[in-house]
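Chemist: Sharing structure08.cif below, mmCIF, C-alpha atoms:
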```cif
data_start
#
loop_
_atom_site.label_atom_id
_atom_site.label_comp_id
_atom_site.auth_asym_id
_atom_site.auth_seq_id
_atom_site.Cartn_x
_atom_site.Cartn_y
_atom_site.Cartn_z
CA MET J 1 298.49 80.18 126.61
CA THR J 2 301.02 81.53 129.06
CA GLY J 3 302.74 84.12 126.89
CA TYR J 4 301.72 87.76 127.10
CA ILE J 5 299.70 88.68 124.02
CA GLU J 6 299.36 92.37 123.27
CA PRO J 7 295.83 93.68 122.76
CA MET J 8 296.05 95.01 119.20
CA VAL J 9 294.86 92.90 116.28
CA GLY J 10 296.22 93.19 112.75
CA ARG J 11 294.14 92.66 109.60
CA TYR J 12 294.05 93.61 105.93
CA VAL J 13 291.33 95.66 104.28
CA HIS J 14 290.97 96.04 100.52
CA VAL J 15 290.66 99.71 99.67
CA ASP J 16 289.85 101.34 96.35
CA ILE J 17 292.12 104.37 96.04
CA ASP J 18 291.38 106.41 92.94
CA GLY J 19 290.29 103.35 90.98
CA THR J 20 293.09 101.03 92.06
CA MET J 21 292.56 98.35 94.66
CA HIS J 22 295.08 98.31 97.53
CA ARG J 23 295.55 95.73 100.26
CA ILE J 24 296.05 97.84 103.36
CA TYR J 25 297.38 96.48 106.62
CA PHE J 26 296.08 97.97 109.82
CA GLU J 27 296.13 97.24 113.52
CA GLU J 28 293.46 98.21 115.94
CA ALA J 29 292.53 98.02 119.60
CA GLY J 30 289.72 99.34 121.75
CA GLN J 31 286.24 100.60 121.19
CA GLY J 32 284.51 103.94 121.06
CA ILE J 33 285.55 107.03 119.15
CA PRO J 34 287.50 105.98 116.05
CA LEU J 35 291.04 107.36 116.16
CA VAL J 36 293.06 106.83 112.98
CA CYS J 37 296.83 107.19 113.37
CA LEU J 38 299.24 108.10 110.56
CA HIS J 39 302.91 107.15 110.67
CA THR J 40 305.84 109.32 109.61
CA ALA J 41 307.51 109.29 106.19
CA GLY J 42 309.48 106.15 105.47
CA SER J 43 308.18 104.25 108.49
CA ASP J 44 305.06 102.22 109.33
CA ASN J 45 302.30 101.70 111.87
CA ARG J 46 304.59 100.08 114.45
CA GLN J 47 305.26 103.62 115.64
CA TRP J 48 301.83 103.53 117.29
CA ARG J 49 302.18 100.25 119.18
CA TYR J 50 302.40 101.87 122.58
CA LEU J 51 299.25 103.90 122.01
CA LEU J 52 297.44 100.79 120.74
CA ALA J 53 298.40 98.94 123.91
CA ASP J 54 297.31 101.73 126.27
CA GLU J 55 294.20 100.47 128.04
CA GLU J 56 293.28 103.87 129.42
CA PHE J 57 292.91 105.15 125.87
CA THR J 58 291.35 102.04 124.33
CA LYS J 59 288.55 102.15 126.90
CA HIS J 60 287.15 105.13 125.01
CA TYR J 61 288.81 105.02 121.61
CA ARG J 62 288.92 102.52 118.79
CA ILE J 63 292.53 103.17 117.86
CA ILE J 64 293.45 102.22 114.31
CA ALA J 65 296.90 102.53 112.73
CA PHE J 66 297.44 101.59 109.10
CA ASP J 67 300.46 101.24 106.85
CA LEU J 68 300.41 103.47 103.81
CA PRO J 69 300.83 101.54 100.53
CA TRP J 70 304.56 100.77 99.98
CA HIS J 71 305.07 100.84 103.78
CA GLY J 72 305.23 98.15 106.43
CA LYS J 73 302.93 95.28 105.49
CA SER J 74 300.94 97.24 102.89
CA ASN J 75 302.52 96.19 99.62
CA PRO J 76 302.53 98.37 96.52
CA PRO J 77 299.35 97.79 94.48
CA ALA J 78 299.38 94.71 92.25
CA ASN J 79 299.66 96.81 89.08
CA TRP J 80 302.78 98.71 90.18
CA ASP J 81 305.28 98.69 87.34
CA GLY J 82 308.31 99.69 89.39
CA SER J 83 308.15 103.36 88.45
CA GLU J 84 309.32 105.89 91.01
CA TYR J 85 307.09 106.14 94.04
CA GLN J 86 305.96 109.67 94.83
CA LEU J 87 303.38 110.60 97.42
CA THR J 88 301.27 113.64 96.57
CA THR J 89 298.85 115.72 98.59
CA LYS J 90 295.98 114.44 96.47
CA ARG J 91 296.98 110.77 96.76
CA TYR J 92 297.63 110.96 100.51
CA THR J 93 294.27 112.64 101.11
CA GLN J 94 292.49 110.07 98.93
CA THR J 95 294.17 107.23 100.79
CA ILE J 96 293.09 108.42 104.23
CA ARG J 97 289.51 109.12 103.17
CA ALA J 98 289.24 105.82 101.31
CA PHE J 99 290.59 103.87 104.28
CA CYS J 100 288.15 105.55 106.68
CA SER J 101 285.32 104.88 104.24
CA ALA J 102 286.28 101.23 103.77
CA LEU J 103 286.04 100.72 107.54
CA ASP J 104 282.78 102.73 107.73
CA LEU J 105 284.26 105.00 110.38
CA ASP J 106 281.85 107.60 111.71
CA LYS J 107 283.59 110.99 111.94
CA PRO J 108 286.94 109.65 113.11
CA VAL J 109 289.65 111.59 114.85
CA VAL J 110 292.82 111.55 112.75
CA MET J 111 296.23 111.95 114.37
CA GLY J 112 299.26 112.10 112.12
CA CYS J 113 302.94 112.71 112.67
CA SER J 114 305.36 114.56 110.39
CA ILE J 115 303.97 113.97 106.88
CA GLY J 116 300.94 112.71 108.79
CA GLY J 117 300.86 116.04 110.62
CA ARG J 118 301.09 117.95 107.37
CA ILE J 119 298.26 116.01 105.75
CA VAL J 120 296.11 116.54 108.83
CA LEU J 121 296.33 120.25 108.03
CA ASN J 122 295.12 119.51 104.51
CA LEU J 123 292.24 117.46 105.88
CA ALA J 124 291.37 120.44 108.09
CA ILE J 125 291.43 122.76 105.07
CA ASP J 126 289.38 120.66 102.64
CA HIS J 127 287.46 117.99 104.57
CA ALA J 128 286.97 119.24 108.13
CA SER J 129 283.32 118.21 108.34
CA GLU J 130 284.26 114.54 107.92
CA PHE J 131 286.30 114.46 111.12
CA ARG J 132 285.57 114.76 114.82
CA ALA J 133 288.95 116.29 115.60
CA LEU J 134 292.38 116.47 114.00
CA ILE J 135 295.73 116.14 115.75
CA GLY J 136 298.97 117.13 114.05
CA LEU J 137 302.22 115.98 115.62
CA GLU J 138 305.35 117.66 114.31
CA ALA J 139 303.10 119.53 111.91
CA ALA J 140 303.61 122.75 110.01
CA ASP J 141 302.48 124.29 106.74
CA PHE J 142 306.11 124.22 105.55
CA GLN J 143 309.59 123.81 106.92
CA ALA J 144 313.02 124.60 105.54
CA PRO J 145 314.87 121.60 104.04
CA TRP J 146 318.02 120.53 105.86
CA TYR J 147 319.38 117.85 103.50
CA ASP J 148 319.17 116.74 99.88
CA THR J 149 316.72 113.84 99.59
CA ALA J 150 318.69 112.46 96.61
CA TRP J 151 320.94 110.77 99.21
CA LEU J 152 318.03 108.59 100.33
CA ASN J 153 317.89 106.38 97.24
CA ARG J 154 321.00 105.75 95.19
CA PRO J 155 322.67 102.42 94.44
CA ASP J 156 326.05 103.33 95.96
CA VAL J 157 324.76 104.38 99.40
CA HIS J 158 322.87 101.96 101.64
CA GLY J 159 319.35 103.35 101.81
CA GLY J 160 318.42 101.87 105.16
CA GLU J 161 321.61 103.07 106.81
CA VAL J 162 321.45 106.61 105.48
CA CYS J 163 317.70 107.03 106.14
CA ALA J 164 318.11 105.92 109.75
CA ALA J 165 321.27 107.96 110.29
CA LEU J 166 319.66 111.10 108.94
CA VAL J 167 316.61 110.90 111.17
CA SER J 168 318.57 109.71 114.21
CA GLY J 169 319.27 113.32 115.06
CA LEU J 170 315.55 114.00 115.25
CA VAL J 171 315.18 111.69 118.25
CA ALA J 172 315.56 113.61 121.51
CA PRO J 173 318.63 112.65 123.54
CA GLN J 174 316.40 111.91 126.54
CA SER J 175 314.58 109.12 124.71
CA PRO J 176 315.17 105.59 126.04
CA ALA J 177 317.76 103.65 124.04
CA GLU J 178 315.38 100.80 123.22
CA ALA J 179 312.67 103.10 121.88
CA ARG J 180 315.25 105.04 119.90
CA MET J 181 316.52 101.77 118.42
CA GLU J 182 313.02 100.65 117.45
CA THR J 183 312.19 103.99 115.89
CA LEU J 184 315.33 103.87 113.73
CA TRP J 185 314.91 100.18 112.90
CA ALA J 186 311.77 100.93 110.89
CA TYR J 187 313.80 103.37 108.79
CA LYS J 188 316.40 100.69 108.16
CA GLN J 189 313.63 98.40 106.90
CA GLY J 190 311.87 100.73 104.49
CA GLY J 191 311.60 99.88 100.79
CA PRO J 192 314.05 101.55 98.41
CA GLY J 193 312.98 105.07 97.54
CA VAL J 194 309.92 105.05 99.77
CA PHE J 195 311.17 107.59 102.32
CA LYS J 196 312.33 109.79 99.45
CA GLY J 197 308.97 109.38 97.72
CA ASP J 198 307.11 110.39 100.87
CA LEU J 199 309.24 113.49 101.10
CA TYR J 200 308.10 114.52 97.64
CA PHE J 201 304.81 115.32 99.37
CA TYR J 202 306.59 116.97 102.28
CA ARG J 203 309.10 119.04 100.35
CA VAL J 204 307.59 119.67 96.94
CA ASP J 205 303.88 119.00 96.60
CA GLY J 206 302.51 119.69 100.06
CA ASP J 207 303.43 123.31 100.73
CA LEU J 208 300.40 124.65 102.58
CA ARG J 209 301.64 128.16 103.21
CA GLY J 210 298.82 130.59 102.68
CA ARG J 211 296.14 127.90 102.80
CA THR J 212 295.97 127.11 106.53
CA LYS J 213 294.15 130.33 107.35
CA ALA J 214 291.08 128.73 105.75
CA ILE J 215 290.90 126.18 108.58
CA ASP J 216 287.73 126.48 110.66
CA THR J 217 288.32 124.95 114.07
CA THR J 218 284.67 125.42 115.02
CA THR J 219 283.85 122.77 112.42
CA CYS J 220 286.65 120.48 113.53
CA PRO J 221 288.98 121.14 116.50
CA LEU J 222 292.69 121.14 115.64
CA TYR J 223 295.49 120.27 118.05
CA LEU J 224 299.14 120.74 117.15
CA LEU J 225 301.91 119.25 119.29
CA THR J 226 305.61 119.44 118.46
CA GLY J 227 308.68 118.15 120.26
CA GLU J 228 311.30 120.67 121.31
CA TYR J 229 314.16 118.58 119.82
CA ASP J 230 312.56 118.39 116.37
CA PHE J 231 314.80 120.55 114.19
CA SER J 232 313.07 119.33 111.02
CA CYS J 233 309.62 120.59 111.95
CA SER J 234 310.66 122.89 114.76
CA PRO J 235 308.37 124.30 117.44
CA GLU J 236 308.80 127.66 115.71
CA ASP J 237 307.43 126.16 112.47
CA THR J 238 304.37 124.84 114.29
CA VAL J 239 303.75 128.03 116.24
CA ARG J 240 304.07 130.08 113.04
CA THR J 241 301.55 127.78 111.33
CA ALA J 242 299.11 127.96 114.23
CA SER J 243 299.29 131.74 114.32
CA SER J 244 297.22 131.82 111.14
CA ILE J 245 294.58 129.38 112.41
CA ALA J 246 292.03 130.78 114.85
CA GLY J 247 291.32 128.32 117.64
CA ALA J 248 294.21 125.92 116.97
CA GLU J 249 295.69 124.59 120.19
CA VAL J 250 299.48 124.38 120.25
CA THR J 251 301.72 122.49 122.64
CA VAL J 252 305.51 122.31 122.61
CA MET J 253 306.50 118.97 124.10
CA GLU J 254 309.63 118.90 126.24
CA ALA J 255 312.23 116.14 125.92
CA LEU J 256 310.72 114.86 122.68
CA GLY J 257 311.79 114.98 119.05
CA HIS J 258 310.20 114.16 115.71
CA PHE J 259 308.78 110.74 116.70
CA PRO J 260 307.05 111.37 120.03
CA MET J 261 304.78 108.31 120.04
CA SER J 262 307.60 105.85 119.38
CA GLU J 263 310.77 107.48 120.69
CA ASN J 264 309.50 108.12 124.21
CA PRO J 265 305.96 106.78 124.71
CA ALA J 266 305.76 107.65 128.41
CA GLN J 267 306.74 111.25 127.83
CA PHE J 268 304.35 111.54 124.86
CA ARG J 269 301.54 110.15 126.97
CA ARG J 270 301.75 113.16 129.29
CA TYR J 271 300.92 115.42 126.38
CA ILE J 272 298.45 113.37 124.36
CA ALA J 273 296.31 112.20 127.29
CA PRO J 274 294.78 115.66 127.94
CA VAL J 275 294.07 116.08 124.21
CA LEU J 276 292.27 112.75 123.98
CA GLU J 277 290.39 113.56 127.16
CA ALA J 278 289.26 116.93 125.77
CA ILE J 279 288.03 115.32 122.55
CA LYS J 280 286.20 112.68 124.56
CA GLN J 281 284.54 115.36 126.70
CA LYS J 282 283.40 117.29 123.64
CA HIS J 283 282.01 114.07 122.17
CA SER J 284 279.99 113.23 125.27
CA SER J 285 278.69 116.76 125.91
CA MET U 1 350.26 126.75 113.73
CA LYS U 2 347.89 124.94 116.06
CA LYS U 3 345.88 127.06 118.40
CA SER U 4 345.53 125.95 121.96
CA ASP U 5 341.91 125.97 123.11
CA PRO U 6 339.50 123.68 124.96
CA VAL U 7 337.82 122.44 121.79
CA SER U 8 341.15 121.51 120.19
CA ALA U 9 342.14 119.73 123.37
CA VAL U 10 339.04 117.59 123.04
CA PHE U 11 339.71 116.85 119.37
CA GLU U 12 343.17 115.64 120.33
CA GLN U 13 341.47 112.96 122.42
CA LEU U 14 339.35 111.60 119.55
CA PRO U 15 341.75 108.80 118.46
CA THR U 16 342.02 107.54 122.03
CA LEU U 17 338.26 107.68 122.56
CA LEU U 18 337.68 105.82 119.30
CA GLU U 19 340.12 103.06 120.21
CA ARG U 20 337.99 102.37 123.30
CA ASP U 21 334.87 101.85 121.16
CA ALA U 22 335.19 98.52 119.36
CA ALA U 23 331.62 98.67 118.04
CA LEU U 24 332.19 102.00 116.36
CA ILE U 25 335.44 100.79 114.78
CA GLN U 26 333.57 97.74 113.55
CA ARG U 27 330.87 99.92 112.03
CA GLY U 28 333.56 101.86 110.16
CA ARG U 29 335.47 98.80 108.99
CA LEU U 30 334.86 99.65 105.33
CA LEU U 31 335.67 103.35 105.72
CA ASP U 32 338.90 104.78 104.34
CA VAL U 33 338.94 108.56 104.00
CA ASP U 34 341.05 111.66 104.52
CA CYS U 35 338.87 114.46 105.85
CA LEU U 36 339.02 117.73 107.70
CA LEU U 37 337.26 117.87 111.06
CA GLY U 38 337.30 120.44 113.81
CA SER U 39 336.27 123.92 114.71
CA THR U 40 336.10 127.03 112.61
CA GLU U 41 339.14 128.19 114.60
CA GLN U 42 341.21 125.01 114.35
CA ALA U 43 340.63 122.07 112.05
CA TRP U 44 342.44 118.75 111.84
CA HIS U 45 343.47 116.59 108.92
CA VAL U 46 342.11 113.22 109.95
CA ALA U 47 343.09 110.01 108.16
CA ILE U 48 340.69 107.13 108.76
CA ARG U 49 341.56 103.61 107.64
CA ALA U 50 339.27 100.65 108.28
CA GLY U 51 337.37 102.72 110.83
CA ARG U 52 340.46 103.72 112.84
CA ILE U 53 342.06 107.15 113.03
CA THR U 54 345.56 106.43 111.77
CA ASP U 55 346.77 110.00 111.52
CA MET U 56 345.53 113.33 112.82
CA VAL U 57 347.45 116.57 112.43
CA PRO U 58 346.38 120.17 112.85
CA ALA U 59 345.53 122.11 109.69
CA PRO U 60 346.79 123.70 107.63
CA VAL U 61 349.25 121.26 106.14
CA LEU U 62 350.86 122.38 102.91
CA MET U 63 349.12 120.78 99.89
CA ARG U 64 347.31 118.17 102.02
CA SER U 65 343.97 117.27 100.42
CA SER U 66 340.78 116.09 102.07
CA ALA U 67 337.55 114.64 100.71
CA PHE U 68 335.26 116.74 102.84
CA SER U 69 335.28 119.00 105.85
CA TYR U 70 332.92 119.36 108.80
CA ARG U 71 333.66 122.36 110.96
CA ALA U 72 331.57 123.92 113.70
CA THR U 73 332.05 126.99 115.85
CA PRO U 74 333.78 126.42 119.20
CA ASP U 75 330.56 127.37 120.98
CA ALA U 76 328.66 124.79 118.92
CA TRP U 77 331.10 122.00 119.84
CA THR U 78 330.91 122.96 123.50
CA ALA U 79 327.10 122.81 123.37
CA PHE U 80 327.11 119.60 121.29
CA TRP U 81 329.33 117.81 123.81
CA GLN U 82 327.14 118.56 126.84
CA PRO U 83 325.93 115.32 128.46
CA MET U 84 322.37 116.40 127.67
CA PRO U 85 322.69 118.91 124.85
CA LYS U 86 320.03 121.54 124.39
CA ALA U 87 317.55 121.28 121.54
CA GLY U 88 319.04 122.34 118.26
CA TRP U 89 322.60 121.75 119.48
CA HIS U 90 322.36 117.97 119.69
CA ASP U 91 323.10 116.72 116.14
CA LEU U 92 325.69 117.41 113.45
CA LEU U 93 322.95 118.33 110.99
CA SER U 94 321.03 120.48 113.42
CA LEU U 95 324.23 122.51 113.69
CA THR U 96 324.50 122.87 109.92
CA LYS U 97 320.83 123.82 109.67
CA ARG U 98 321.24 126.58 112.26
CA GLY U 99 324.39 127.85 110.56
CA GLU U 100 326.76 126.88 113.38
CA ALA U 101 328.60 124.28 111.27
CA VAL U 102 329.66 123.91 107.67
CA LEU U 103 329.82 120.68 105.65
CA GLU U 104 331.78 121.04 102.42
CA GLY U 105 333.52 119.02 99.74
CA ASP U 106 332.78 115.53 98.45
CA ILE U 107 330.37 114.45 101.17
CA LYS U 108 329.73 110.95 99.83
CA PRO U 109 331.98 109.28 102.43
CA PHE U 110 330.28 111.34 105.12
CA MET U 111 326.78 110.38 103.99
CA THR U 112 327.67 106.72 103.37
CA HIS U 113 328.98 106.49 106.93
CA LEU U 114 326.75 109.13 108.47
CA GLN U 115 326.00 107.37 111.75
CA TYR U 116 329.72 106.60 112.15
CA PHE U 117 330.63 110.28 111.91
CA LYS U 118 327.76 111.30 114.19
CA ASP U 119 328.88 108.84 116.81
CA LEU U 120 332.60 109.56 116.36
CA LEU U 121 332.16 113.27 116.88
CA ALA U 122 329.83 112.67 119.83
CA LEU U 123 332.35 110.50 121.68
CA PRO U 124 333.54 113.42 123.85
CA ARG U 125 329.95 113.85 125.10
CA ASN U 126 330.37 110.91 127.43
CA ALA U 127 333.99 111.71 128.18
CA GLY U 128 333.60 115.13 129.72
CA GLY U 129 333.39 117.23 126.56
CA ALA U 130 334.87 120.73 126.59
CA ALA U 131 334.56 123.11 129.51
#
```
Output the file's structure in the form of C-alpha cells.

Modeler:
Amino acid sequence: MTGYIEPMVGRYVHVDIDGTMHRIYFEEAGQGIPLVCLHTAGSDNRQWRYLLADEEFTKHYRIIAFDLPWHGKSNPPANWDGSEYQLTTKRYTQTIRAFCSALDLDKPVVMGCSIGGRIVLNLAIDHASEFRALIGLEAADFQAPWYDTAWLNRPDVHGGEVCAALVSGLVAPQSPAEARMETLWAYKQGGPGVFKGDLYFYRVDGDLRGRTKAIDTTTCPLYLLTGEYDFSCSPEDTVRTASSIAGAEVTVMEALGHFPMSENPAQFRRYIAPVLEAIKQKHSS
Amino acid sequence: MKKSDPVSAVFEQLPTLLERDAALIQRGRLLDVDCLLGSTEQAWHVAIRAGRITDMVPAPVLMRSSAFSYRATPDAWTAFWQPMPKAGWHDLLSLTKRGEAVLEGDIKPFMTHLQYFKDLLALPRNAGGAA
C-alpha cells in the first residue's frame, strides 16, 4: 500500500440502552487511559478525527469517539417507528454509561462538547466515581436561547442548509476555511429533526442550574474549556457554572468558537494538551 | 430623507459588492424578496430577485412593504465589518442575541436563505468595511 492510511479504526458495537439494542459506530486509536469523546448536537464523531490522529495523545490514551444513535453511522434502533426523536438527560446518560460498559472501559475519561459538555456535568453530578476525569468543552449548566429550534425541522425549509447556517456563526473567524467547511458539512448531513431533537436535551430537559454545586471534584476532576467566540455557550456561561463547583478548572480558549476540536484543531491542541497531560500525571502518581 | 454616515455609505456599496460574487448570486438564485436592511439610524428597502439586488432605496418610502427587517446599530455594523471582528460582534445572530440588532417581520425568507444573508451582509468585511 502506498496511500496514507490514518491510524483510527472504525467498528460497530451492539449496546443495550434501556432494554433496546443499538448498533453503535465508534472509532478508536491508541492505547492507555480510555478517553471517550462526545460530539456536538446534530453532528457526529468525525469532529474528533484530528484528536484520534494525534500520536502524542494516542501514546498514552485509548481515544474513542462514538456516534450517538440517529447520528453519523449509528442508525436509529431497529424498532424505531418514525416518531419524533428527542434526546433526554436520562437517555443521554444511559447511552454513555452503556457504551462504556459494552467496551469494558475501566474508569474512562469523558470529554464532550456542547451537549456533550452539558452531559459531562450531569455525569459529574450523578456518576462521578465511574470516571477518571471529565472534560466539558463549551459547557454550562444553562445558556440563554438565541433562536427558535422549530426552524431546524420543517418541510418548507432545507434542514441541512438552515442547521449549518445557524451554527456557522459559532465558528471563530480565525478558523481555517477547510476545517470550518468540514465542521459545517456534518450539519448539512444530519438526519431530519436530529439536531432539533438533541436540542430538546439542551434547551428543555437538561437545565442543570442549581444542581452543579453537588459536583465533587475530589472524586473526579472536572475541566471546563470554552472558546471566546462561542456566543451560544459563552465564556461567561461557563465561568458562572464553574463558580458553583469547588475545584473545577476553567479555561477560556482564544480564537476558538463552539467546535474547538474540529474548527481549529491546532489551536485546540494548545489548550487540551496540558489537560490531558495533567490527567495522565494524576493517573501515574 | 437619507442620512449621510459611514455605515450608509457602506450599504450603498452592497449591490456592487454582490455583483462581484458569482457564487453568492448562485446560492441565492431561488431567492426573491423585498426586505429592509440597514442600521437603526438608516435602513434601506432592498429588492432581491434571483439572488441579485435589483433595487435599493433608502427608507422610509411611502407605503412600501417588506417581508422582514434586519437592522443593527451603527457601532455594531462597524464592529461586524472589521477584518477580524471581535467575539460577539462577528455574526448576525450574535448581534441579535446581544441586543445590538433586531430581526422582525416574516423571517421565513431570511431563515430559508440564512447563509446567503450572512454572507451578503458580511461582504463589506473584505472590502474595507466602515471607518

Chemist: Have a look at CA of Glu254 (chain J) and CA of Glu228 (chain J) and let me know their distance in Å, one decimal.

Modeler: 5.5 Å

Chemist: Using the chain letters and numbers from the file, give me the residues hit by the PyMOL selection byres ((chain U) within 7 of (chain J)), as a PyMOL selection string.

Modeler: chain U and resi 84+87-88+91+94+97+111-112+114-115

Chemist: Determine the nearest neighbour of Leu92 (chain U) from the options U:Leu121, U:Ser66, U:Pro109, U:Ser8, counting all atoms listed in the file.

Modeler: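 Result for the nearest residue to Leu92 (chain U): U:Leu121.
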
Chemist: Just so the selection is clear, what residues does the PyMOL selection byres ((chain J and resi 206) around 9) cover here, as JSON, numbers by chain?

Modeler: {"J": [88, 89, 118, 119, 122, 141, 142, 200, 201, 202, 203, 204, 205, 207, 208]}

Chemist: Print the selection's residues with C-alpha atoms to a file, as a compact mmCIF listing (two decimals), in the coordinates of the input.

Modeler:
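Result went into result.txt, see below:
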```txt
# COMPACT_ATOMS: atom_id res chain seq x y z
CA THR J 88 301.27 113.64 96.57
CA THR J 89 298.85 115.72 98.59
CA ARG J 118 301.09 117.95 107.37
CA ILE J 119 298.26 116.01 105.75
CA ASN J 122 295.12 119.51 104.51
CA ASP J 141 302.48 124.29 106.74
CA PHE J 142 306.11 124.22 105.55
CA TYR J 200 308.10 114.52 97.64
CA PHE J 201 304.81 115.32 99.37
CA TYR J 202 306.59 116.97 102.28
CA ARG J 203 309.10 119.04 100.35
CA VAL J 204 307.59 119.67 96.94
CA ASP J 205 303.88 119.00 96.60
CA ASP J 207 303.43 123.31 100.73
CA LEU J 208 300.40 124.65 102.58
```

Chemist: Would you kindly translate the PyMOL selection byres ((chain U and resi 69) around 10) into the concrete residues it picks from this file, as a CSV table (one decimal) with C-alpha atoms, in the frame of the given file?

Modeler:
```csv
chain,number,residue,atom,x,y,z
U,34,ASP,CA,341.0,111.7,104.5
U,35,CYS,CA,338.9,114.5,105.8
U,36,LEU,CA,339.0,117.7,107.7
U,37,LEU,CA,337.3,117.9,111.1
U,38,GLY,CA,337.3,120.4,113.8
U,43,ALA,CA,340.6,122.1,112.0
U,44,TRP,CA,342.4,118.8,111.8
U,45,HIS,CA,343.5,116.6,108.9
U,46,VAL,CA,342.1,113.2,110.0
U,66,SER,CA,340.8,116.1,102.1
U,67,ALA,CA,337.6,114.6,100.7
U,68,PHE,CA,335.3,116.7,102.8
U,70,TYR,CA,332.9,119.4,108.8
U,71,ARG,CA,333.7,122.4,111.0
U,72,ALA,CA,331.6,123.9,113.7
U,102,VAL,CA,329.7,123.9,107.7
U,103,LEU,CA,329.8,120.7,105.6
U,104,GLU,CA,331.8,121.0,102.4
U,105,GLY,CA,333.5,119.0,99.7
U,106,ASP,CA,332.8,115.5,98.4
U,107,ILE,CA,330.4,114.4,101.2
U,110,PHE,CA,330.3,111.3,105.1
```

Chemist: Could you give me, as a list in words, the residues within 8 Å of Val109 (chain J), counting all atoms listed in the file and dropping anything in the same chain fewer than 6 positions from it?

Modeler: Ile33, Pro34, Leu35, Val36, Phe131, Arg132, Ala133, Leu134 and Ile135 of chain J

Chemist: Please report the interatomic distance between CA of Trp48 (chain J) and CA of Ala266 (chain J) in Å with one decimal.

Modeler: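 Distance reported for this atom pair: 12.5 Å.
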
Chemist: For the atom pair CA of Phe57 (chain J) and CA of Val275 (chain J), what is the interatomic distance in Å to one decimal place?

Modeler: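 Going from CA of Phe57 (chain J) over to CA of Val275 (chain J), I get 11.1 Å.
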
Chemist: Which residue out of U:Thr16, U:Thr54, U:Ala130, U:His113 has the minimum interatomic distance to Leu30 (chain U) when all atoms listed in the file are used?

Modeler: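 Closest residue, counting all atoms listed in the file: U:His113.
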
Chemist: Give the centre and edge lengths of an axis-aligned box, in Å to one decimal, that holds all listed atoms of region 115-123 of chain U with 5 Å on each side, as lines of an AutoDock Vina configuration file.

Modeler:
```
center_x = 329.3
center_y = 109.9
center_z = 116.7
size_x = 16.6
size_y = 16.7
size_z = 19.9
```
